[in-house]
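Q: Have a look at this one before I ask anything.
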Amino acid sequence: MKTVLCFGDSNTYGYRPDNGERYPSDIRWTGILKNELREKNIDVIEEGLVGRTTVFEDNIRVGRKGSDFLIPIIESHAPVDTLVLMLGTNDCKVRYKASAQVIGLGIENLLSQVKNYDKRIEILLMSPIYLGEHVWEEKFDPEFDEESIQTSKKLADVYKKIADKYGCRFLAASEVAAPSEADQEHMDSFGHRALADAVRKQIA
């Protein structure tokens, strides 16, 4: 049995943009992968957390700093054959004041941790979907601003260069999925299906 660990934020967790709950397993992209890859003797571990960042401390929510938890989580599910890593959306929040390049440094921190822990783990690095054009508005998520949107759109190019540097596979989630009109931030069920298909082609 091979093990694939999906480490990410609310779009890996399966946050529902219409009501703030969690999509059931057969709707979220990680759950779809789990169901479809089981027959290939591949186990998919879902490790998504709302608000998770690459390296930034969230003073509002406890335990969101990804770099503090990635290796312990890998160890708890060992042996891990493939890591699917998608973070960066929360790093675009106003309070972190981070450029796409700085967020990329956070991703490099995580990749270095994995390489130092076990070079045999294959990595699929994914840049996240873009933030919606109205995400910063009061009725959506004012933790972001208009600059956050532009930063999110720059992550794919930054991550692609990092993936090449570290010898990782790469997938831009923004090429296959988009934020829901309901909250301008999270994928709807169609986005989860499309992302699951794209990831499966990369790892199956």
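Labels used: A, B, ... for chains in the order of the structure tokens, numbers from 1 for residues in each chain, and numbers from 1 for ligands as shown.
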Can you tell me which residues surround Tyr117 (chain A) at a distance of at most 10 Å, considering only C-alpha atoms, apart from same-chain residues fewer than 3 positions away, and format the answer as a list in words?
A: Ile71, Ile74, Glu75, Leu111, Ser112, Gln113, Val114, Arg120 and Ile121 of chain A
Q: Store the residues picked out above in a file with C-alpha atoms, as a compact mmCIF listing (two decimals), in the first residue's frame.
A:
```
# COMPACT_ATOMS: atom_id res chain seq x y z
CA ILE A 71 7.15 16.82 9.68
CA ILE A 74 4.46 13.03 8.02
CA GLU A 75 5.93 11.00 10.87
CA LEU A 111 10.25 21.59 1.00
CA SER A 112 13.63 21.76 2.73
CA GLN A 113 12.13 20.17 5.82
CA VAL A 114 10.79 17.27 3.78
CA ARG A 120 12.64 9.46 -0.97
CA ILE A 121 9.30 11.22 -0.52
```
Q: Write out as a PyMOL selection string which residues come within 7 Å of region 147-161 of chain A when counting only C-alpha atoms, dropping same-chain ones fewer than 3 positions away.
A: chain A and resi 89+92-94+99-101+104+127+130-133+144+164-165+170+172
Q: So which bits of region 9-122 of chain A end up alpha helix (DSSP H) when you DSSP the backbone, as a PyMOL selection string?
A: chain A and resi 10-13+29-37+66-76+100-117
Q: Tell me, which residues of region 12-190 of chain A carry DSSP strand (DSSP E or B), written as a list in words?
A: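 These are the residues in question: Tyr15, Arg22, Ile42, Asp43, Val44, Ile45, Glu46, Glu47, Gly48, Thr53, Lys65, Thr82, Leu83, Val84, Leu85, Met86, Glu122, Ile123, Leu124, Leu125, Met126, Ser127, Arg169, Phe170, Leu171 and Ala172 of chain A.
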Q: Taking into account only C-alpha atoms, which residue in the set A:Arg16, A:Lys115, A:His186, A:Arg169 is nearest to Val199 (chain A)?
A: A:Arg169
Q: Please provide the set of residues having any atom within 12 Å of region 17-24 of chain A, restricted to only C-alpha atoms, with same-chain residues fewer than 6 positions apart removed, written as a list in words.
A: Ser10, Asn11, Thr30, Gly31, Ile32, Gly48, Leu49, Val50, Val135, Phe140, Asp141, Ala178, Pro179, Ser180, Glu181, Ala182, Asp183, Gln184, Glu185, His186, Met187, Asp188, Ser189, Phe190, Gly191, His192 and Arg193 of chain A
Q: Could you save the residues just selected, with C-alpha atoms, as an mmCIF file, in the first residue's frame?
A:
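So the final result, stored in result34.cif, reads:
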```
data_model
loop_
_atom_site.group_PDB
_atom_site.id
_atom_site.type_symbol
_atom_site.label_atom_id
_atom_site.label_comp_id
_atom_site.auth_asym_id
_atom_site.auth_seq_id
_atom_site.Cartn_x
_atom_site.Cartn_y
_atom_site.Cartn_z
ATOM 1 C CA SER A 10 -9.284 25.103 3.873
ATOM 2 C CA ASN A 11 -9.425 24.127 0.200
ATOM 3 C CA THR A 30 -8.987 14.632 -1.318
ATOM 4 C CA GLY A 31 -11.906 12.320 -0.605
ATOM 5 C CA ILE A 32 -12.503 11.741 -4.308
ATOM 6 C CA GLY A 48 -6.299 20.112 5.478
ATOM 7 C CA LEU A 49 -6.751 22.834 8.097
ATOM 8 C CA VAL A 50 -8.712 26.078 7.801
ATOM 9 C CA VAL A 135 -12.914 38.625 -1.676
ATOM 10 C CA PHE A 140 -16.797 38.024 2.057
ATOM 11 C CA ASP A 141 -13.399 38.054 3.812
ATOM 12 C CA ALA A 178 -11.557 28.793 -9.357
ATOM 13 C CA PRO A 179 -13.101 30.288 -6.213
ATOM 14 C CA SER A 180 -16.859 30.066 -5.814
ATOM 15 C CA GLU A 181 -18.966 33.157 -6.371
ATOM 16 C CA ALA A 182 -20.477 32.386 -2.962
ATOM 17 C CA ASP A 183 -17.416 33.494 -0.978
ATOM 18 C CA GLN A 184 -14.698 34.386 -3.531
ATOM 19 C CA GLU A 185 -12.218 32.112 -1.750
ATOM 20 C CA HIS A 186 -13.168 28.438 -1.698
ATOM 21 C CA MET A 187 -13.926 25.904 -4.426
ATOM 22 C CA ASP A 188 -17.394 24.612 -5.122
ATOM 23 C CA SER A 189 -18.091 20.943 -5.825
ATOM 24 C CA PHE A 190 -17.167 21.334 -9.504
ATOM 25 C CA GLY A 191 -13.797 22.791 -8.540
ATOM 26 C CA HIS A 192 -13.120 19.892 -6.185
ATOM 27 C CA ARG A 193 -13.953 17.393 -8.937
#
```
Q: Residues at most 12 Å from Lys201 (chain A), counting only C-alpha atoms, excluding those fewer than 5 positions away in the same chain, as a count of residues only?
A: 10
Q: Leaving out Val62 (chain A) and any residue of its chain fewer than 4 positions from it, which residues lie within 12 Å of it when counting only C-alpha atoms, given as a list in words?
A: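 Counting only C-alpha atoms, the residues come to Leu49, Val50, Gly51, Arg52, Thr53, Phe56, Glu57, Asp58, Gly66, Asp68 and Phe69 of chain A.
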Q: Using only C-alpha atoms, which residue out of A:Trp29, A:Ala163, A:Lys34, A:Glu137 lies closest to Asp197 (chain A)?
A: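 Closest to Asp197 (chain A) of all the choices is A:Trp29.
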Q: Separation of CA of Thr3 (chain A) and CA of Glu47 (chain A), in Å?
A: 12.7 Å
Q: Between CA of Tyr166 (chain A) and CA of Asn41 (chain A), what is the distance, to one decimal in Å?
A: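 The value is 27.3 Å.
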Q: I'd like to know which of A:Arg61, A:Thr82, A:Val55, A:Glu39 is closest to Ile107 (chain A), using only C-alpha atoms.
A: A:Val55
Q: One decimal, in Å: what's the spacing between CA of Ser174 (chain A) and CA of Leu85 (chain A)?
A: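 If I compute the distance from CA of Ser174 (chain A) to CA of Leu85 (chain A), I get 14.4 Å.
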